[in-house]
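One structure is given below, encoded as structure tokens.
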Amino acid sequence: MSAERPFVLHTRVVTGTGGGPEKTILNSPRFLATLGYDSLCAYMHPPSDPGFETLEKRAADAQTPLVGIEDRGPWDWRAPRRLLELCRRHRVDVWHGHDYKSNAIGLMVRRFWPMKLVATAHGWVKFTRKTPLYHAVDRFCLRRCDHVVCVSDDLLQTCIAKGVRSDRCCLIENAIDTEHWRRRMSPDEAKRQLGLTPGRLLVGAVGRLSDEKGFNGLIRAADRLLSEGLDFELAIAGEGDYGPALQRLIRERQREDRIRLLGFRADTLDLFQAMDVFVLSSLREGLPNVVLEAMATETPVVATRIAGVPRVIEP
């Protein structure tokens, strides 16, 4: 590393407004600065992706320098070249990758710029027909990193099983800024502020609208409880490809008046404060930030017993 303040380049591939890892990545630089590190976040994203504007605003709010790099797919060599330019310009000491592609590009760039490679395993949760290929690429990359950070114990064991040396692998669970995530108003006050029904039980969920989040099961469970006479509303905040299917399910159950998809919301703190119960229905996770955020805002949590969740929620 250089004799001056070490420089960390956080790299990530995103589509839309991103996901849970952004809550850690975009908040890290200002805390690292107090420890003597300078940082820059470089996000690869599809050209003209409107969601990137939201990420730029989130980065500005977090006082985090963010560079957007247009990425047109696996054969677009302009993205790696731009990242190499950033490494040379900022004299990067540590490349911190947050997904399989960032890790792979880091290995390539290291051939032309000397630096340490660190990767964080946030969890392999989204399954597609290309998932086996992505996992194979990530397995190859992780074994060649100088260090791998895992956000839950099951990911730590998985990485070691994938061939990552145990002395190059550690557990650092997700963390949140508890100065921001704290309750400032009662549920009814928050409901009034958001235009929701005060006095009626609000069950809430926040997350990417994709199959691994289990929102279809949550909607069916809510429909069954409503049929049994329970008086409550279910609100799900988030965006994703699974949104139309979930909306059809709500219409089929004729529950538009009690079950709502809110879309992307920047005011998730107010949402957590409005909730009487937060539900995590995920089938696959690492250590979800939303559970930590709900707990920090003193909102009761009901969650599936997966990954790192049992470590923070006692039965």
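We name chains A, B, ... following the order of the structure tokens; residues begin at 1 in each chain, and ligands are numbered from 1 as shown.
If you count only C-alpha atoms and ignore residues fewer than 2 places along the chain from stretch 291-294 of chain A, what sits within 9 Å of it is Asn174, Ala175, Ile176, Asp177, Thr178, Trp181, Arg182, Leu269, Phe272, Gln273, Met275, Val277, Phe278, Val279, Leu280, Leu287, Pro288, Asn289, Ala296, Thr297, Glu298, Thr299, Pro300, Val301, Ala303, Val309, Val312 and Ile313 of chain A.
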Writer output for current selection, N, CA, C and O atoms, as a tab-separated table (two decimals), in the first residue's frame:
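Below you can see again_19.tsv, which holds the result:
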```
chain	number	residue	atom	x	y	z
A	174	ASN	N	-23.54	-7.62	8.68
A	174	ASN	CA	-24.03	-6.31	8.27
A	174	ASN	C	-24.30	-5.43	9.49
A	174	ASN	O	-24.66	-5.93	10.56
A	175	ALA	N	-24.15	-4.14	9.29
A	175	ALA	CA	-24.42	-3.17	10.36
A	175	ALA	C	-25.18	-2.00	9.77
A	175	ALA	O	-25.15	-1.77	8.56
A	176	ILE	N	-25.88	-1.29	10.62
A	176	ILE	CA	-26.63	-0.11	10.17
A	176	ILE	C	-26.29	1.07	11.07
A	176	ILE	O	-25.75	0.90	12.17
A	177	ASP	N	-26.62	2.25	10.60
A	177	ASP	CA	-26.40	3.48	11.36
A	177	ASP	C	-27.60	3.69	12.29
A	177	ASP	O	-28.66	4.14	11.87
A	178	THR	N	-27.41	3.37	13.55
A	178	THR	CA	-28.54	3.44	14.49
A	178	THR	C	-28.92	4.88	14.84
A	178	THR	O	-29.99	5.11	15.42
A	181	TRP	N	-31.52	5.03	11.96
A	181	TRP	CA	-32.60	4.06	12.11
A	181	TRP	C	-33.04	3.99	13.56
A	181	TRP	O	-32.64	3.10	14.32
A	182	ARG	N	-33.85	4.95	13.96
A	182	ARG	CA	-34.42	4.95	15.31
A	182	ARG	C	-35.81	5.58	15.25
A	182	ARG	O	-36.12	6.40	14.39
A	269	LEU	N	-37.67	4.68	6.42
A	269	LEU	CA	-37.67	4.92	7.86
A	269	LEU	C	-39.08	5.21	8.34
A	269	LEU	O	-39.54	4.65	9.34
A	272	PHE	N	-41.12	1.94	8.31
A	272	PHE	CA	-40.85	1.07	9.46
A	272	PHE	C	-41.56	1.60	10.70
A	272	PHE	O	-42.07	0.82	11.51
A	273	GLN	N	-41.59	2.92	10.87
A	273	GLN	CA	-42.25	3.48	12.04
A	273	GLN	C	-43.76	3.31	11.98
A	273	GLN	O	-44.42	3.24	13.01
A	275	MET	N	-45.25	0.68	10.63
A	275	MET	CA	-45.60	-0.74	10.73
A	275	MET	C	-45.83	-1.15	12.17
A	275	MET	O	-45.09	-0.78	13.08
A	277	VAL	N	-46.06	-4.56	12.55
A	277	VAL	CA	-45.28	-5.79	12.43
A	277	VAL	C	-44.52	-5.73	11.11
A	277	VAL	O	-45.10	-5.39	10.07
A	278	PHE	N	-43.23	-6.07	11.15
A	278	PHE	CA	-42.46	-6.23	9.92
A	278	PHE	C	-42.29	-7.72	9.66
A	278	PHE	O	-41.97	-8.50	10.57
A	279	VAL	N	-42.49	-8.14	8.40
A	279	VAL	CA	-42.36	-9.55	8.05
A	279	VAL	C	-41.28	-9.74	7.01
A	279	VAL	O	-41.27	-9.06	5.96
A	280	LEU	N	-40.35	-10.64	7.27
A	280	LEU	CA	-39.37	-11.09	6.28
A	280	LEU	C	-39.80	-12.49	5.84
A	280	LEU	O	-39.75	-13.43	6.64
A	287	LEU	N	-27.55	-11.75	5.42
A	287	LEU	CA	-28.05	-11.15	6.66
A	287	LEU	C	-28.78	-9.88	6.24
A	287	LEU	O	-28.16	-8.85	5.96
A	288	PRO	N	-30.11	-9.92	6.14
A	288	PRO	CA	-30.86	-8.80	5.55
A	288	PRO	C	-30.83	-7.54	6.40
A	288	PRO	O	-31.16	-7.57	7.59
A	289	ASN	N	-30.46	-6.44	5.76
A	289	ASN	CA	-30.44	-5.15	6.45
A	289	ASN	C	-31.81	-4.75	6.94
A	289	ASN	O	-31.94	-4.08	7.96
A	296	ALA	N	-34.10	-1.80	14.82
A	296	ALA	CA	-33.59	-0.53	15.34
A	296	ALA	C	-34.71	0.48	15.54
A	296	ALA	O	-34.61	1.35	16.43
A	297	THR	N	-35.76	0.38	14.73
A	297	THR	CA	-36.90	1.30	14.89
A	297	THR	C	-37.96	0.73	15.83
A	297	THR	O	-39.10	1.22	15.86
A	298	GLU	N	-37.59	-0.32	16.56
A	298	GLU	CA	-38.46	-0.90	17.59
A	298	GLU	C	-39.75	-1.46	17.01
A	298	GLU	O	-40.81	-1.43	17.64
A	299	THR	N	-39.66	-1.99	15.80
A	299	THR	CA	-40.80	-2.62	15.15
A	299	THR	C	-40.70	-4.13	15.32
A	299	THR	O	-39.66	-4.72	14.97
A	300	PRO	N	-41.72	-4.80	15.85
A	300	PRO	CA	-41.67	-6.26	16.00
A	300	PRO	C	-41.42	-6.94	14.65
A	300	PRO	O	-41.94	-6.51	13.61
A	301	VAL	N	-40.63	-8.00	14.67
A	301	VAL	CA	-40.22	-8.68	13.45
A	301	VAL	C	-40.65	-10.14	13.48
A	301	VAL	O	-40.44	-10.84	14.49
A	303	ALA	N	-39.90	-13.44	10.98
A	303	ALA	CA	-39.02	-13.75	9.86
A	303	ALA	C	-38.87	-15.26	9.67
A	303	ALA	O	-39.03	-16.04	10.61
A	309	VAL	N	-30.35	-14.79	9.87
A	309	VAL	CA	-31.47	-14.23	10.64
A	309	VAL	C	-31.54	-14.78	12.07
A	309	VAL	O	-31.74	-14.01	13.02
A	312	VAL	N	-29.78	-12.91	14.93
A	312	VAL	CA	-30.23	-11.61	15.44
A	312	VAL	C	-31.65	-11.64	15.99
A	312	VAL	O	-32.08	-10.69	16.65
A	313	ILE	N	-32.39	-12.70	15.70
A	313	ILE	CA	-33.74	-12.85	16.24
A	313	ILE	C	-33.80	-14.11	17.08
A	313	ILE	O	-33.64	-15.21	16.58
```
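Using only C-alpha atoms, the nearest neighbour of A:Leu201 within the list A:Arg284, A:Ala274, A:Asn216, A:Arg255 is A:Ala274.
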Who sits within 12 Å of A:Asp188, only C-alpha atoms, same chain under 5 positions skipped, as a VMD selection string = chain A and resid 193 to 202 270 to 276
task = From a DSSP calculation on the backbone, collect every residue of stretch 239-301 of chain A in strand (DSSP E) and output the set as a PyMOL selection string.
result = chain A and resi 259-263+277-280+301
remark   = Here atom CA of A:Glu4 and atom CA of A:Thr34 stand apart by 14.4 Å
inquiry  = Which residue is closest to A:Trp77? Choose from A:Ala266, A:Met108, A:Leu156, A:Leu246 and count only C-alpha atoms.
reply    = A:Met108
query = From the set A:Asp49, A:Asp231, A:Glu56, A:Glu239, which residue has the shortest atom-to-atom contact distance to A:Leu262, counting only C-alpha atoms?
reply = A:Glu239
message = I want to know what sits within 12 Å of A:Pro114, based on only C-alpha atoms, with residues of the same chain fewer than 3 positions away left out; could you give that as an MDAnalysis selection string?
response = chainID A and resid 1:2 84 87:88 91:95 106:111 117
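From atom CA of A:Leu26 back to atom CA of A:Ala59, the distance works out to 5.8 Å.
Here atom CA of A:Leu225 stands at a distance of 24.9 Å from atom CA of A:Ser186.
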12 Å contact set for A:Asp71, only C-alpha atoms, chain neighbours under 4 positions out, as a list in words = Arg12, Val13, Val14, Thr15, Ala42, Tyr43, Met44, His45, Pro46, Pro47, Ser48, Asp49, Trp75, Asp76, Trp77, Arg78, Ala79, Pro80, Arg81, Arg82, Leu83, Lys101 and Ser102 of chain A
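Between A:Asp267 and the residues A:Met115, A:Arg58, A:Arg165, A:Ser227, the shortest atom-to-atom distance, using only C-alpha atoms, involves A:Arg58.
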query = If we count only C-alpha atoms, what is near A:Arg30 at a cut-off of 8 Å, once residues fewer than 6 positions away on the same chain are taken out, given as a ChimeraX atom specification?
reply = /A:62-64
Expected file: the selected residues, C-alpha atoms, as a compact mmCIF listing (two decimals), in the first residue's frame:
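Once written, again03.txt looks like this:
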```txt
# COMPACT_ATOMS: atom_id res chain seq x y z
CA ALA A 62 -24.43 9.64 2.48
CA GLN A 63 -21.59 12.00 1.46
CA THR A 64 -20.18 9.22 -0.69
```
inquiry  = I'd like the neighbourhood of stretch 128-133 of chain A as number ranges by chain, where a residue qualifies if any of its atoms comes within 12 Å (using only C-alpha atoms), though same-chain residues fewer than 2 positions away should be ignored.
reply    = A: 100-101, 124-126, 135-140, 210-212
Every residue of stretch 55-282 of chain A that DSSP places in alpha helix (DSSP H), as number ranges by chain = A: 55-61, 78-90, 100-110, 131-142, 153-161, 187-194, 215-227, 243-252, 268-274
Go ahead and save the picked residues with C-alpha atoms, as a CSV table (one decimal), in the first residue's frame.
```
chain,number,residue,atom,x,y,z
A,55,LEU,CA,-28.5,5.7,-6.3
A,56,GLU,CA,-26.7,9.0,-7.1
A,57,LYS,CA,-29.0,10.8,-4.7
A,58,ARG,CA,-28.5,8.2,-2.0
A,59,ALA,CA,-24.7,8.5,-2.4
A,60,ALA,CA,-24.9,12.3,-2.1
A,61,ASP,CA,-27.0,12.0,1.0
A,78,ARG,CA,-15.0,-0.2,-22.0
A,79,ALA,CA,-16.1,-0.8,-18.4
A,80,PRO,CA,-12.9,-2.7,-17.4
A,81,ARG,CA,-10.8,0.0,-19.2
A,82,ARG,CA,-12.6,2.8,-17.3
A,83,LEU,CA,-12.1,1.0,-14.0
A,84,LEU,CA,-8.4,0.6,-14.8
A,85,GLU,CA,-8.2,4.3,-15.5
A,86,LEU,CA,-9.8,5.0,-12.1
A,87,CYS,CA,-7.3,2.7,-10.4
A,88,ARG,CA,-4.4,4.5,-11.9
A,89,ARG,CA,-5.8,8.0,-11.4
A,90,HIS,CA,-6.6,7.4,-7.7
A,100,TYR,CA,-19.1,-12.0,-9.2
A,101,LYS,CA,-18.5,-9.6,-12.1
A,102,SER,CA,-16.8,-7.0,-10.0
A,103,ASN,CA,-14.6,-9.7,-8.6
A,104,ALA,CA,-13.8,-11.0,-12.1
A,105,ILE,CA,-12.9,-7.5,-13.4
A,106,GLY,CA,-10.8,-6.9,-10.3
A,107,LEU,CA,-8.7,-10.0,-11.2
A,108,MET,CA,-8.2,-8.6,-14.7
A,109,VAL,CA,-7.4,-5.1,-13.6
A,110,ARG,CA,-4.8,-6.4,-11.1
A,131,THR,CA,-26.8,-18.8,-12.0
A,132,PRO,CA,-24.6,-22.0,-12.2
A,133,LEU,CA,-22.2,-20.1,-14.5
A,134,TYR,CA,-22.2,-17.0,-12.2
A,135,HIS,CA,-21.4,-19.2,-9.2
A,136,ALA,CA,-18.6,-20.9,-11.1
A,137,VAL,CA,-17.1,-17.6,-12.0
A,138,ASP,CA,-17.4,-16.3,-8.4
A,139,ARG,CA,-15.9,-19.5,-7.0
A,140,PHE,CA,-12.9,-19.1,-9.3
A,141,CYS,CA,-12.5,-15.4,-8.3
A,142,LEU,CA,-13.0,-15.8,-4.5
A,153,ASP,CA,-22.0,-17.5,9.2
A,154,ASP,CA,-23.6,-19.7,6.5
A,155,LEU,CA,-21.9,-17.7,3.8
A,156,LEU,CA,-18.6,-18.1,5.6
A,157,GLN,CA,-19.0,-21.9,5.6
A,158,THR,CA,-20.1,-21.8,2.0
A,159,CYS,CA,-17.0,-19.8,0.9
A,160,ILE,CA,-14.7,-22.2,2.7
A,161,ALA,CA,-16.4,-25.1,1.1
A,187,PRO,CA,-47.1,4.0,14.5
A,188,ASP,CA,-50.3,6.0,14.2
A,189,GLU,CA,-48.4,9.2,13.8
A,190,ALA,CA,-46.3,7.7,11.0
A,191,LYS,CA,-49.5,6.2,9.4
A,192,ARG,CA,-51.1,9.7,9.3
A,193,GLN,CA,-48.0,11.2,7.7
A,194,LEU,CA,-48.0,8.5,5.0
A,215,PHE,CA,-43.8,-12.3,-1.2
A,216,ASN,CA,-46.3,-14.5,-3.0
A,217,GLY,CA,-46.5,-16.7,0.0
A,218,LEU,CA,-46.8,-13.6,2.2
A,219,ILE,CA,-49.7,-12.4,0.1
A,220,ARG,CA,-51.5,-15.8,0.3
A,221,ALA,CA,-51.0,-15.9,4.1
A,222,ALA,CA,-52.4,-12.4,4.4
A,223,ASP,CA,-55.4,-13.3,2.3
A,224,ARG,CA,-56.1,-16.3,4.5
A,225,LEU,CA,-55.9,-14.3,7.7
A,226,LEU,CA,-58.2,-11.6,6.2
A,227,SER,CA,-60.7,-14.3,5.3
A,243,GLY,CA,-44.1,-7.0,-9.4
A,244,PRO,CA,-46.7,-7.7,-12.2
A,245,ALA,CA,-47.1,-11.3,-11.0
A,246,LEU,CA,-47.7,-10.2,-7.4
A,247,GLN,CA,-50.2,-7.6,-8.5
A,248,ARG,CA,-52.1,-10.2,-10.4
A,249,LEU,CA,-52.2,-12.4,-7.3
A,250,ILE,CA,-53.6,-9.5,-5.3
A,251,ARG,CA,-56.3,-8.9,-7.9
A,252,GLU,CA,-57.2,-12.6,-8.1
A,268,THR,CA,-38.4,3.5,4.4
A,269,LEU,CA,-37.7,4.9,7.9
A,270,ASP,CA,-41.2,6.4,8.0
A,271,LEU,CA,-42.6,3.1,6.7
A,272,PHE,CA,-40.9,1.1,9.5
A,273,GLN,CA,-42.2,3.5,12.0
A,274,ALA,CA,-45.8,3.1,10.6
```
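Considering only C-alpha atoms, the residue among A:Cys170, A:Ile236, A:Met295, A:Cys145 positioned nearest to A:Gly263 is A:Ile236.
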